[in-house]
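Data file: upload_36.pdb. Format and content: PDB, C-alpha atoms.
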MODEL        1
ATOM      1  CA  MET A   1       0.000   0.000   0.000
ATOM      2  CA  LEU A   2       2.880   2.342   0.778
ATOM      3  CA  GLU A   3       4.072   2.153  -2.814
ATOM      4  CA  LEU A   4       0.735   3.450  -3.985
ATOM      5  CA  ILE A   5       1.199   6.773  -2.290
ATOM      6  CA  LEU A   6       4.654   7.582  -3.623
ATOM      7  CA  PRO A   7       4.762  10.654  -5.845
ATOM      8  CA  PRO A   8       4.910   9.932  -9.560
ATOM      9  CA  HIS A   9       8.553  10.882 -10.017
ATOM     10  CA  GLU A  10       9.545   8.211  -7.506
ATOM     11  CA  GLN A  11       7.342   5.485  -8.819
ATOM     12  CA  ALA A  12       7.915   6.158 -12.500
ATOM     13  CA  SER A  13      10.204   3.179 -12.895
ATOM     14  CA  ARG A  14       7.585   0.889 -11.396
ATOM     15  CA  ALA A  15       4.569   2.706 -12.748
ATOM     16  CA  LEU A  16       1.423   1.234 -11.363
ATOM     17  CA  GLY A  17      -0.659   1.880 -14.463
ATOM     18  CA  SER A  18      -4.230   1.745 -13.362
ATOM     19  CA  LYS A  19      -6.240  -0.748 -15.361
ATOM     20  CA  ARG A  20      -9.122   1.674 -15.429
ATOM     21  CA  ALA A  21      -8.461   4.514 -17.793
ATOM     22  CA  GLY A  22     -10.140   7.149 -15.643
ATOM     23  CA  SER A  23     -10.477  10.776 -16.568
ATOM     24  CA  CYS A  24      -7.844  13.448 -16.509
ATOM     25  CA  PRO A  25      -8.690  17.046 -15.604
ATOM     26  CA  LYS A  26      -8.414  19.590 -18.370
ATOM     27  CA  ASP A  27      -5.040  21.401 -18.318
ATOM     28  CA  TRP A  28      -3.544  18.801 -15.980
ATOM     29  CA  PRO A  29       0.143  19.745 -16.048
ATOM     30  CA  GLY A  30       1.721  16.407 -15.123
ATOM     31  CA  GLN A  31       2.715  13.280 -17.002
ATOM     32  CA  TYR A  32       1.105  11.133 -14.341
ATOM     33  CA  VAL A  33      -2.415  11.409 -13.085
ATOM     34  CA  PRO A  34      -3.949   9.858  -9.987
ATOM     35  CA  ASN A  35      -7.303   8.089  -9.977
ATOM     36  CA  PHE A  36      -9.402  11.221  -9.610
ATOM     37  CA  ASP A  37     -12.503   9.248 -10.580
ATOM     38  CA  ASP A  38     -12.322   7.545  -7.193
ATOM     39  CA  TRP A  39     -11.905  10.781  -5.255
ATOM     40  CA  LEU A  40     -14.884  12.728  -4.019
ATOM     41  CA  PRO A  41     -15.258  16.417  -3.237
ATOM     42  CA  GLY A  42     -14.746  16.732   0.515
ATOM     43  CA  ASP A  43     -12.015  14.081   0.669
ATOM     44  CA  ILE A  44      -9.019  15.096   2.756
ATOM     45  CA  VAL A  45      -5.715  15.125   0.887
ATOM     46  CA  LEU A  46      -2.613  14.733   3.055
ATOM     47  CA  VAL A  47       0.775  15.755   1.773
ATOM     48  CA  GLU A  48       4.131  14.391   2.910
ATOM     49  CA  ARG A  49       6.557  16.863   4.412
ATOM     50  CA  ASP A  50       8.685  18.901   2.048
ATOM     51  CA  GLU A  51      12.430  19.271   2.179
ATOM     52  CA  GLU A  52      12.256  22.771   3.603
ATOM     53  CA  GLY A  53      12.823  23.598   7.244
ATOM     54  CA  THR A  54       9.171  23.994   8.189
ATOM     55  CA  GLY A  55       8.164  20.601   6.828
ATOM     56  CA  ARG A  56      11.068  18.854   8.508
ATOM     57  CA  SER A  57      10.581  20.602  11.829
ATOM     58  CA  LEU A  58       6.870  19.759  11.788
ATOM     59  CA  GLU A  59       7.668  16.114  11.072
ATOM     60  CA  ILE A  60      10.196  16.002  13.919
ATOM     61  CA  GLY A  61       7.722  17.681  16.270
ATOM     62  CA  GLN A  62       5.033  15.179  15.330
ATOM     63  CA  THR A  63       7.427  12.216  15.616
ATOM     64  CA  ILE A  64       8.578  13.019  19.151
ATOM     65  CA  SER A  65       5.097  13.888  20.382
ATOM     66  CA  PHE A  66       3.677  12.044  23.396
ATOM     67  CA  ASN A  67       0.457  11.733  21.424
ATOM     68  CA  ARG A  68       0.083   8.276  19.877
ATOM     69  CA  LEU A  69      -2.022   9.531  16.946
ATOM     70  CA  MET A  70       0.463  12.296  16.232
ATOM     71  CA  ARG A  71       3.381   9.864  16.051
ATOM     72  CA  ALA A  72       1.421   7.432  13.873
ATOM     73  CA  GLY A  73       0.831  10.050  11.181
ATOM     74  CA  SER A  74       4.019  12.020  11.616
ATOM     75  CA  ARG A  75       5.237  11.858   8.010
ATOM     76  CA  TRP A  76       2.282  13.972   6.842
ATOM     77  CA  SER A  77       2.836  17.690   7.211
ATOM     78  CA  HIS A  78       0.071  19.296   5.181
ATOM     79  CA  ALA A  79      -3.649  18.789   4.639
ATOM     80  CA  ALA A  80      -6.104  20.077   2.044
ATOM     81  CA  LEU A  81      -9.674  19.428   0.927
ATOM     82  CA  TYR A  82     -10.429  18.008  -2.500
ATOM     83  CA  LEU A  83     -12.858  20.110  -4.547
ATOM     84  CA  GLY A  84     -13.029  18.085  -7.762
ATOM     85  CA  GLY A  85     -11.387  18.355 -11.170
ATOM     86  CA  GLY A  86      -7.906  17.906  -9.670
ATOM     87  CA  ASP A  87      -8.273  21.030  -7.504
ATOM     88  CA  ILE A  88      -7.942  21.407  -3.777
ATOM     89  CA  VAL A  89      -8.616  24.190  -1.304
ATOM     90  CA  GLU A  90      -5.949  24.664   1.345
ATOM     91  CA  ALA A  91      -4.559  27.099   3.879
ATOM     92  CA  ILE A  92      -0.875  27.717   3.186
ATOM     93  CA  PRO A  93       1.712  30.116   4.612
ATOM     94  CA  ARG A  94       2.062  33.457   2.813
ATOM     95  CA  HIS A  95      -0.976  32.849   0.572
ATOM     96  CA  GLY A  96      -3.733  32.027   3.052
ATOM     97  CA  VAL A  97      -6.659  29.956   1.830
ATOM     98  CA  VAL A  98      -6.335  29.249  -1.891
ATOM     99  CA  ARG A  99      -7.790  27.024  -4.561
ATOM    100  CA  ARG A 100      -5.268  25.354  -6.839
ATOM    101  CA  SER A 101      -4.268  22.098  -8.500
ATOM    102  CA  ILE A 102      -3.135  19.174  -6.359
ATOM    103  CA  TRP A 103      -0.290  18.847  -8.857
ATOM    104  CA  ASN A 104       1.525  21.615  -6.989
ATOM    105  CA  HIS A 105       2.081  19.082  -4.229
ATOM    106  CA  CYS A 106       2.004  15.656  -5.768
ATOM    107  CA  GLN A 107       4.601  16.278  -8.447
ATOM    108  CA  THR A 108       7.304  16.039  -5.796
ATOM    109  CA  ARG A 109       5.687  14.791  -2.611
ATOM    110  CA  ALA A 110       3.726  11.735  -1.622
ATOM    111  CA  ILE A 111       0.037  12.219  -1.030
ATOM    112  CA  ARG A 112      -2.662  10.267   0.709
ATOM    113  CA  VAL A 113      -6.432  10.625   0.393
ATOM    114  CA  ARG A 114      -8.788  10.054   3.319
ATOM    115  CA  ARG A 115     -12.573  10.117   3.343
ATOM    116  CA  LEU A 116     -15.031  11.362   5.921
ATOM    117  CA  PRO A 117     -16.890   8.493   7.560
ATOM    118  CA  SER A 118     -19.677   7.091   5.417
ATOM    119  CA  PRO A 119     -22.630   6.791   5.742
ATOM    120  CA  VAL A 120     -22.560   9.236   8.670
ATOM    121  CA  VAL A 121     -21.295  11.817   6.202
ATOM    122  CA  THR A 122     -23.112  11.322   2.925
ATOM    123  CA  GLU A 123     -21.648  12.161  -0.458
ATOM    124  CA  ARG A 124     -23.915  15.199  -0.610
ATOM    125  CA  MET A 125     -22.748  16.438   2.771
ATOM    126  CA  ALA A 126     -19.119  15.966   1.739
ATOM    127  CA  GLN A 127     -19.810  18.042  -1.371
ATOM    128  CA  ARG A 128     -21.266  20.762   0.873
ATOM    129  CA  VAL A 129     -18.107  20.625   3.013
ATOM    130  CA  ALA A 130     -16.026  21.247  -0.127
ATOM    131  CA  ASP A 131     -18.293  24.109  -1.256
ATOM    132  CA  PHE A 132     -18.255  25.641   2.214
ATOM    133  CA  ALA A 133     -14.460  25.433   2.478
ATOM    134  CA  GLU A 134     -14.097  27.188  -0.853
ATOM    135  CA  THR A 135     -15.990  30.215   0.451
ATOM    136  CA  PHE A 136     -12.995  30.945   2.700
ATOM    137  CA  VAL A 137     -10.586  31.507  -0.180
ATOM    138  CA  GLY A 138      -8.583  34.619   0.582
ATOM    139  CA  ARG A 139      -8.545  34.171   4.331
ATOM    140  CA  ARG A 140      -5.244  34.570   6.166
ATOM    141  CA  TYR A 141      -2.984  31.706   7.281
ATOM    142  CA  SER A 142      -1.551  31.950  10.766
ATOM    143  CA  LEU A 143       1.947  30.611  11.389
ATOM    144  CA  LYS A 144       1.667  32.094  14.883
ATOM    145  CA  GLU A 145      -1.201  29.729  15.660
ATOM    146  CA  VAL A 146       0.869  26.740  14.506
ATOM    147  CA  LEU A 147       3.617  27.722  16.948
ATOM    148  CA  ARG A 148       1.203  28.477  19.784
ATOM    149  CA  SER A 149      -0.534  25.113  19.347
ATOM    150  CA  LYS A 150       2.879  23.450  19.474
ATOM    151  CA  LEU A 151       4.090  25.275  22.549
ATOM    152  CA  VAL A 152       0.908  24.880  24.583
ATOM    153  CA  PRO A 153      -0.118  21.208  24.680
ATOM    154  CA  ASN A 154      -3.837  20.402  24.332
ATOM    155  CA  ARG A 155      -4.561  24.006  23.439
ATOM    156  CA  ARG A 156      -7.815  24.469  21.581
ATOM    157  CA  PRO A 157      -7.243  26.160  18.243
ATOM    158  CA  ASP A 158      -7.984  29.847  17.938
ATOM    159  CA  VAL A 159     -10.349  29.510  15.041
ATOM    160  CA  MET A 160      -9.854  33.033  13.839
ATOM    161  CA  GLU A 161      -6.220  32.052  13.193
ATOM    162  CA  LEU A 162      -6.288  29.276  10.624
ATOM    163  CA  TYR A 163      -3.722  26.773   9.505
ATOM    164  CA  CYS A 164      -4.157  23.894   7.098
ATOM    165  CA  SER A 165      -5.691  21.225   9.322
ATOM    166  CA  THR A 166      -7.800  23.468  11.593
ATOM    167  CA  PHE A 167      -9.277  24.961   8.439
ATOM    168  CA  ILE A 168     -10.377  21.466   7.407
ATOM    169  CA  GLY A 169     -11.650  20.644  10.882
ATOM    170  CA  LEU A 170     -13.827  23.751  10.945
ATOM    171  CA  ALA A 171     -15.205  23.234   7.446
ATOM    172  CA  VAL A 172     -16.130  19.637   8.297
ATOM    173  CA  ALA A 173     -17.750  20.532  11.639
ATOM    174  CA  GLY A 174     -19.678  23.454  10.149
ATOM    175  CA  ILE A 175     -21.533  21.232   7.714
ATOM    176  CA  THR A 176     -21.568  17.769   9.262
ATOM    177  CA  GLN A 177     -21.523  18.467  13.050
ATOM    178  CA  LEU A 178     -18.649  15.984  13.126
ATOM    179  CA  MET A 179     -15.768  17.166  15.316
ATOM    180  CA  LEU A 180     -12.441  15.822  14.155
ATOM    181  CA  TRP A 181     -10.880  17.104  17.377
ATOM    182  CA  ASP A 182     -13.517  16.208  19.920
ATOM    183  CA  GLY A 183     -11.050  14.884  22.522
ATOM    184  CA  PRO A 184      -7.621  15.802  23.921
ATOM    185  CA  GLU A 185      -5.977  13.014  21.938
ATOM    186  CA  GLN A 186      -6.801  14.837  18.709
ATOM    187  CA  LEU A 187      -5.173  18.096  19.797
ATOM    188  CA  PRO A 188      -3.585  20.029  18.298
ATOM    189  CA  LEU A 189      -5.348  19.133  15.069
ATOM    190  CA  TYR A 190      -2.223  18.720  12.965
ATOM    191  CA  PRO A 191      -2.048  16.878   9.627
ATOM    192  CA  ALA A 192      -0.614  13.865  11.472
ATOM    193  CA  ILE A 193      -3.827  13.596  13.481
ATOM    194  CA  LEU A 194      -5.907  13.598  10.296
ATOM    195  CA  ALA A 195      -3.577  10.940   8.841
ATOM    196  CA  ALA A 196      -4.102   8.619  11.810
ATOM    197  CA  HIS A 197      -7.654   9.622  12.665
ATOM    198  CA  PRO A 198      -9.660   6.462  13.381
ATOM    199  CA  ASP A 199     -12.883   7.903  11.940
ATOM    200  CA  LEU A 200     -11.446   8.546   8.485
ATOM    201  CA  ALA A 201     -11.046   5.909   5.776
ATOM    202  CA  ASP A 202      -8.256   5.683   3.207
ATOM    203  CA  VAL A 203      -9.041   5.995  -0.476
ATOM    204  CA  PRO A 204      -6.724   3.704  -2.476
ATOM    205  CA  LEU A 205      -4.476   5.747  -4.720
ATOM    206  CA  LEU A 206      -3.288   4.711  -8.163
ATOM    207  CA  TRP A 207      -1.248   6.573 -10.724
ATOM    208  CA  ARG A 208      -1.361   6.248 -14.430
ATOM    209  CA  HIS A 209       1.005   7.516 -17.112
ATOM    210  CA  LEU A 210      -0.615   9.848 -19.582
TER
ATOM    211  CA  MET B   1     -34.398 -20.986   2.867
ATOM    212  CA  SER B   2     -34.878 -17.277   2.367
ATOM    213  CA  PHE B   3     -34.347 -15.437  -0.868
ATOM    214  CA  ILE B   4     -31.119 -13.895   0.477
ATOM    215  CA  ASP B   5     -29.813 -17.304   1.535
ATOM    216  CA  GLN B   6     -30.518 -18.635  -1.943
ATOM    217  CA  PHE B   7     -28.851 -15.620  -3.474
ATOM    218  CA  SER B   8     -25.752 -15.971  -1.278
ATOM    219  CA  LYS B   9     -25.510 -19.665  -2.202
ATOM    220  CA  LEU B  10     -25.811 -18.721  -5.842
ATOM    221  CA  ILE B  11     -23.010 -16.172  -5.822
ATOM    222  CA  GLY B  12     -20.923 -18.173  -3.395
ATOM    223  CA  GLY B  13     -18.968 -15.229  -2.027
ATOM    224  CA  LEU B  14     -21.317 -13.948   0.618
ATOM    225  CA  GLN B  15     -20.379 -15.623   3.883
ATOM    226  CA  HIS B  16     -22.635 -13.785   6.211
ATOM    227  CA  TYR B  17     -25.310 -11.227   6.235
ATOM    228  CA  ARG B  18     -27.061  -9.584   9.127
ATOM    229  CA  ARG B  19     -30.698  -8.724   9.183
ATOM    230  CA  PRO B  20     -31.349  -5.221  10.480
ATOM    231  CA  GLU B  21     -32.579  -5.343  14.018
ATOM    232  CA  PRO B  22     -36.007  -3.864  14.661
ATOM    233  CA  GLU B  23     -35.979  -0.061  14.946
ATOM    234  CA  LEU B  24     -32.409   0.273  13.728
ATOM    235  CA  SER B  25     -31.628   2.468  10.763
ATOM    236  CA  LEU B  26     -30.084   0.567   7.868
ATOM    237  CA  ASP B  27     -28.005   3.598   6.942
ATOM    238  CA  THR B  28     -26.407   4.445  10.241
ATOM    239  CA  GLY B  29     -27.030   1.501  12.526
ATOM    240  CA  LEU B  30     -28.440   3.985  14.988
ATOM    241  CA  ALA B  31     -31.755   3.650  16.706
ATOM    242  CA  PHE B  32     -34.641   5.692  15.462
ATOM    243  CA  GLY B  33     -35.818   8.385  17.794
ATOM    244  CA  GLY B  34     -32.556  10.307  18.125
ATOM    245  CA  GLY B  35     -33.702  13.068  15.854
ATOM    246  CA  ALA B  36     -35.622  16.269  16.365
ATOM    247  CA  GLY B  37     -38.363  16.132  18.895
ATOM    248  CA  ALA B  38     -37.113  12.980  20.560
ATOM    249  CA  SER B  39     -37.113  12.780  24.296
ATOM    250  CA  SER B  40     -33.569  13.253  25.547
ATOM    251  CA  ALA B  41     -34.277  11.702  28.907
ATOM    252  CA  HIS B  42     -32.062   8.810  27.937
ATOM    253  CA  ALA B  43     -29.463   7.972  25.335
ATOM    254  CA  ASP B  44     -30.455   5.521  22.602
ATOM    255  CA  ALA B  45     -28.398   2.569  21.510
ATOM    256  CA  GLY B  46     -25.281   3.850  19.779
ATOM    257  CA  THR B  47     -25.606   7.336  21.201
ATOM    258  CA  ASP B  48     -24.671   9.157  24.386
ATOM    259  CA  LEU B  49     -26.473  12.018  26.016
ATOM    260  CA  LEU B  50     -23.827  14.571  26.938
ATOM    261  CA  GLU B  51     -24.262  17.831  28.743
ATOM    262  CA  GLY B  52     -21.896  20.722  28.319
ATOM    263  CA  GLU B  53     -21.410  24.445  28.144
ATOM    264  CA  VAL B  54     -21.236  26.681  25.097
ATOM    265  CA  VAL B  55     -17.620  27.869  24.921
ATOM    266  CA  ALA B  56     -17.298  29.362  21.439
ATOM    267  CA  ILE B  57     -19.662  30.858  18.900
ATOM    268  CA  LEU B  58     -18.300  30.789  15.359
ATOM    269  CA  LYS B  59     -21.143  32.022  13.229
ATOM    270  CA  GLU B  60     -18.889  32.499  10.235
ATOM    271  CA  PHE B  61     -18.006  28.808  10.380
ATOM    272  CA  ARG B  62     -21.613  27.800  11.064
ATOM    273  CA  GLN B  63     -20.854  26.255  14.430
ATOM    274  CA  VAL B  64     -21.062  26.604  18.164
ATOM    275  CA  HIS B  65     -18.655  24.612  20.320
ATOM    276  CA  VAL B  66     -19.875  22.901  23.455
ATOM    277  CA  ARG B  67     -17.385  21.591  26.004
ATOM    278  CA  THR B  68     -18.347  18.697  28.251
ATOM    279  CA  PRO B  69     -16.969  18.226  31.784
ATOM    280  CA  GLU B  70     -14.854  15.322  30.411
ATOM    281  CA  GLY B  71     -13.077  17.739  28.086
ATOM    282  CA  ARG B  72     -14.789  16.722  24.861
ATOM    283  CA  VAL B  73     -15.819  19.397  22.392
ATOM    284  CA  LEU B  74     -18.964  19.023  20.308
ATOM    285  CA  ALA B  75     -20.215  21.081  17.384
ATOM    286  CA  ILE B  76     -23.739  22.410  17.003
ATOM    287  CA  THR B  77     -24.624  23.925  13.641
ATOM    288  CA  PRO B  78     -27.701  25.665  12.204
ATOM    289  CA  ASP B  79     -28.704  22.203  10.923
ATOM    290  CA  THR B  80     -28.741  20.643  14.396
ATOM    291  CA  PRO B  81     -32.317  19.862  15.366
ATOM    292  CA  GLY B  82     -33.708  20.864  18.745
ATOM    293  CA  VAL B  83     -31.998  24.225  19.298
ATOM    294  CA  GLU B  84     -32.263  27.663  17.821
ATOM    295  CA  PHE B  85     -28.716  28.190  16.619
ATOM    296  CA  SER B  86     -28.855  31.970  16.533
ATOM    297  CA  ALA B  87     -30.083  32.153  20.143
ATOM    298  CA  LEU B  88     -27.166  30.223  21.651
ATOM    299  CA  HIS B  89     -24.717  32.201  23.752
ATOM    300  CA  ARG B  90     -21.557  31.571  25.743
ATOM    301  CA  GLY B  91     -21.994  29.908  29.095
ATOM    302  CA  GLN B  92     -25.322  28.363  28.154
ATOM    303  CA  ARG B  93     -25.783  24.738  29.149
ATOM    304  CA  VAL B  94     -26.990  22.311  26.509
ATOM    305  CA  ALA B  95     -27.634  18.593  26.292
ATOM    306  CA  CYS B  96     -26.570  16.845  23.112
ATOM    307  CA  THR B  97     -27.316  13.406  21.761
ATOM    308  CA  VAL B  98     -24.006  12.302  20.284
ATOM    309  CA  THR B  99     -23.227   9.246  18.188
ATOM    310  CA  ARG B 100     -20.800   6.958  19.929
ATOM    311  CA  PHE B 101     -18.812   5.557  17.026
ATOM    312  CA  VAL B 102     -18.231   8.764  15.123
ATOM    313  CA  PRO B 103     -18.797  11.692  17.491
ATOM    314  CA  ARG B 104     -21.515  13.743  15.843
ATOM    315  CA  VAL B 105     -24.323  15.708  17.446
ATOM    316  CA  LEU B 106     -27.697  14.352  16.313
ATOM    317  CA  ASN B 107     -29.797  16.780  18.295
ATOM    318  CA  ALA B 108     -29.449  19.226  21.156
ATOM    319  CA  ARG B 109     -31.595  21.106  23.605
ATOM    320  CA  VAL B 110     -30.951  24.041  25.868
ATOM    321  CA  LEU B 111     -31.026  23.239  29.579
ATOM    322  CA  ALA B 112     -32.863  25.538  31.915
TER
ENDMDL
END
Represent the supplied structure as structure tokens.
Amino acid sequence: MLELILPPHEQASRALGSKRAGSCPKDWPGQYVPNFDDWLPGDIVLVERDEEGTGRSLEIGQTISFNRLMRAGSRWSHAALYLGGGDIVEAIPRHGVVRRSIWNHCQTRAIRVRRLPSPVVTERMAQRVADFAETFVGRRYSLKEVLRSKLVPNRRPDVMELYCSTFIGLAVAGITQLMLWDGPEQLPLYPAILAAHPDLADVPLLWRHL
Amino acid sequence: MSFIDQFSKLIGGLQHYRRPEPELSLDTGLAFGGGAGASSAHADAGTDLLEGEVVAILKEFRQVHVRTPEGRVLAITPDTPGVEFSALHRGQRVACTVTRFVPRVLNARVLA
């Protein structure tokens, strides 16, 4: 299963070549395309840490955490919501909440797709989560809140100061009433928590060469 | 032999099936009666009745956070049956029927 989530440049030599042709979004910039047909709007896309300092420091912080869930998902340092057509909505440093192609991440970094629990969250509700999240495009990203949540254990997020995973948590709760951080074990709501969250299900990922 | 038994024999792959128990929803496995207007005097099968205090009002994000004495945080939205979302305020005490498996508020009511 781990091989299936490697980014295309790493798995090119052992290309998995999905048997199903699947569709490719218009203007898709890459040579490889994941199985978007199996993704649904509202799915959570996790991104492996980058090679920059912030990604590495977040991974180290998550790895040495006392929190079991945090350690279990420590390799994942970013989270976004899938909107459809190869696009995601995400809160990122310097840009705030933006809509853009998932290719910006998956061309160099491994990704993983997780789904909100079905049938508690129906496909229609998940679509509403995606639509709702998109209405926050333009909102500021708060690096300060990331640091504060790290320095003060079990701190509840200041929701007026968003970062990638709290943004997702709020969008999900606002539509579905489902709290992804309902207990102390899920705090702070970092990408690692979403990666190891017991209520979310993995969507198998396959790449195909165009 | 029931129709489903015959069907499972025919396809060969179905090892086991479970009939829905009376009064259980096929979709969620939760008991009926947890929705709007239900008596919250007790928790139904698969749900807990939790009481807590409103600690945050996030109208922009369509949610109010309720903290229970055990430290859990629940979300009430304008879609939550049983409460008037716009009338909720900080410090108010509410009772919520919450699913056990995936913690989600099915309904809520304001406590006097």
Draw an axis-aligned box tight on the listed atoms of region 42-47 of chain A, then pad every side by 6 Å and write out centre and edge lengths in Å to one decimal as lines of an AutoDock Vina configuration file.
center_x = -7.0
center_y = 15.4
center_z = 1.8
size_x = 27.5
size_y = 14.7
size_z = 14.5
Rounded to one decimal place, report the CA of Asn104 (chain A)-CA of Asp131 (chain A) distance in Å.
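Separating CA of Asn104 (chain A) from CA of Asp131 (chain A) is a distance of 20.8 Å.
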Distance CA of Glu59 (chain A)-CA of Ser74 (chain A), one decimal place?
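Separating CA of Glu59 (chain A) from CA of Ser74 (chain A) is a distance of 5.5 Å.
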At most 8 Å from (-17.4, 17.0, 19.4), file frame, all atoms listed in the file: which residues, as a PyMOL selection string?
(chain A and resi 177-183) or (chain B and resi 65-66+72-75+103-105)
Define the interface residues of chain B facing chain A as those within 12 Å, counting only C-alpha atoms, and report them as an NGL selection string.
:B and (25-30 or 55-81 or 96-108)
Give me, as a ChimeraX atom specification, all polymer residues having an atom no more than 9 Å from Val110 (chain B), counting all atoms listed in the file and skipping those fewer than 2 positions away in the same chain.
/B:82-84,88,92-96,108,112
For CA of Glu53 (chain B) and CA of Gln186 (chain A), determine how far apart the two atoms are, in Å to one decimal place.
19.9 Å
Against region 36-53 of chain A, which residues of region 71-154 of chain A fall within 10 Å? For each one I want the closest pair of atoms and the distance in Å (one decimal), counting only C-alpha atoms, rows by chain and increasing residue number, as a Markdown table.
| residue | atom | partner | partner_atom | distance |
| --- | --- | --- | --- | --- |
| A:Gly73 | CA | A:Glu48 | CA | 9.9 |
| A:Ser74 | CA | A:Glu48 | CA | 9.0 |
| A:Arg75 | CA | A:Glu48 | CA | 5.8 |
| A:Trp76 | CA | A:Glu48 | CA | 4.4 |
| A:Ser77 | CA | A:Arg49 | CA | 4.7 |
| A:His78 | CA | A:Val47 | CA | 5.0 |
| A:Ala79 | CA | A:Leu46 | CA | 4.5 |
| A:Ala80 | CA | A:Val45 | CA | 5.1 |
| A:Leu81 | CA | A:Ile44 | CA | 4.7 |
| A:Tyr82 | CA | A:Pro41 | CA | 5.1 |
| A:Leu83 | CA | A:Pro41 | CA | 4.6 |
| A:Gly84 | CA | A:Pro41 | CA | 5.3 |
| A:Gly85 | CA | A:Phe36 | CA | 7.6 |
| A:Gly86 | CA | A:Phe36 | CA | 6.9 |
| A:Asp87 | CA | A:Pro41 | CA | 9.4 |
| A:Ile88 | CA | A:Val45 | CA | 8.1 |
| A:Val89 | CA | A:Val45 | CA | 9.8 |
| A:Glu90 | CA | A:Val45 | CA | 9.6 |
| A:Ile102 | CA | A:Val45 | CA | 8.7 |
| A:His105 | CA | A:Val47 | CA | 7.0 |
| A:Cys106 | CA | A:Val47 | CA | 7.6 |
| A:Thr108 | CA | A:Asp50 | CA | 8.5 |
| A:Arg109 | CA | A:Glu48 | CA | 5.8 |
| A:Ala110 | CA | A:Glu48 | CA | 5.3 |
| A:Ile111 | CA | A:Val47 | CA | 4.6 |
| A:Arg112 | CA | A:Leu46 | CA | 5.0 |
| A:Val113 | CA | A:Val45 | CA | 4.6 |
| A:Arg114 | CA | A:Ile44 | CA | 5.1 |
| A:Arg115 | CA | A:Asp43 | CA | 4.8 |
| A:Leu116 | CA | A:Asp43 | CA | 6.6 |
| A:Val121 | CA | A:Gly42 | CA | 10.0 |
| A:Glu123 | CA | A:Leu40 | CA | 7.7 |
| A:Arg124 | CA | A:Pro41 | CA | 9.1 |
| A:Met125 | CA | A:Gly42 | CA | 8.3 |
| A:Ala126 | CA | A:Gly42 | CA | 4.6 |
| A:Gln127 | CA | A:Pro41 | CA | 5.2 |
| A:Arg128 | CA | A:Gly42 | CA | 7.7 |
| A:Val129 | CA | A:Gly42 | CA | 5.7 |
| A:Ala130 | CA | A:Gly42 | CA | 4.7 |
| A:Asp131 | CA | A:Gly42 | CA | 8.4 |
| A:Phe132 | CA | A:Gly42 | CA | 9.7 |
| A:Ala133 | CA | A:Gly42 | CA | 8.9 |
Could the residues in this selection be written to a file with C-alpha atoms, as a PDB file, in the frame of the given file?
ATOM      1  CA  GLY A  73       0.831  10.050  11.181  1.00  0.00           C
ATOM      2  CA  SER A  74       4.019  12.020  11.616  1.00  0.00           C
ATOM      3  CA  ARG A  75       5.237  11.858   8.010  1.00  0.00           C
ATOM      4  CA  TRP A  76       2.282  13.972   6.842  1.00  0.00           C
ATOM      5  CA  SER A  77       2.836  17.690   7.211  1.00  0.00           C
ATOM      6  CA  HIS A  78       0.071  19.296   5.181  1.00  0.00           C
ATOM      7  CA  ALA A  79      -3.649  18.789   4.639  1.00  0.00           C
ATOM      8  CA  ALA A  80      -6.104  20.077   2.044  1.00  0.00           C
ATOM      9  CA  LEU A  81      -9.674  19.428   0.927  1.00  0.00           C
ATOM     10  CA  TYR A  82     -10.429  18.008  -2.500  1.00  0.00           C
ATOM     11  CA  LEU A  83     -12.858  20.110  -4.547  1.00  0.00           C
ATOM     12  CA  GLY A  84     -13.029  18.085  -7.762  1.00  0.00           C
ATOM     13  CA  GLY A  85     -11.387  18.355 -11.170  1.00  0.00           C
ATOM     14  CA  GLY A  86      -7.906  17.906  -9.670  1.00  0.00           C
ATOM     15  CA  ASP A  87      -8.273  21.030  -7.504  1.00  0.00           C
ATOM     16  CA  ILE A  88      -7.942  21.407  -3.777  1.00  0.00           C
ATOM     17  CA  VAL A  89      -8.616  24.190  -1.304  1.00  0.00           C
ATOM     18  CA  GLU A  90      -5.949  24.664   1.345  1.00  0.00           C
ATOM     19  CA  ILE A 102      -3.135  19.174  -6.359  1.00  0.00           C
ATOM     20  CA  HIS A 105       2.081  19.082  -4.229  1.00  0.00           C
ATOM     21  CA  CYS A 106       2.004  15.656  -5.768  1.00  0.00           C
ATOM     22  CA  THR A 108       7.304  16.039  -5.796  1.00  0.00           C
ATOM     23  CA  ARG A 109       5.687  14.791  -2.611  1.00  0.00           C
ATOM     24  CA  ALA A 110       3.726  11.735  -1.622  1.00  0.00           C
ATOM     25  CA  ILE A 111       0.037  12.219  -1.030  1.00  0.00           C
ATOM     26  CA  ARG A 112      -2.662  10.267   0.709  1.00  0.00           C
ATOM     27  CA  VAL A 113      -6.432  10.625   0.393  1.00  0.00           C
ATOM     28  CA  ARG A 114      -8.788  10.054   3.319  1.00  0.00           C
ATOM     29  CA  ARG A 115     -12.573  10.117   3.343  1.00  0.00           C
ATOM     30  CA  LEU A 116     -15.031  11.362   5.921  1.00  0.00           C
ATOM     31  CA  VAL A 121     -21.295  11.817   6.202  1.00  0.00           C
ATOM     32  CA  GLU A 123     -21.648  12.161  -0.458  1.00  0.00           C
ATOM     33  CA  ARG A 124     -23.915  15.199  -0.610  1.00  0.00           C
ATOM     34  CA  MET A 125     -22.748  16.438   2.771  1.00  0.00           C
ATOM     35  CA  ALA A 126     -19.119  15.966   1.739  1.00  0.00           C
ATOM     36  CA  GLN A 127     -19.810  18.042  -1.371  1.00  0.00           C
ATOM     37  CA  ARG A 128     -21.266  20.762   0.873  1.00  0.00           C
ATOM     38  CA  VAL A 129     -18.107  20.625   3.013  1.00  0.00           C
ATOM     39  CA  ALA A 130     -16.026  21.247  -0.127  1.00  0.00           C
ATOM     40  CA  ASP A 131     -18.293  24.109  -1.256  1.00  0.00           C
ATOM     41  CA  PHE A 132     -18.255  25.641   2.214  1.00  0.00           C
ATOM     42  CA  ALA A 133     -14.460  25.433   2.478  1.00  0.00           C
TER      43      ALA A 133
END
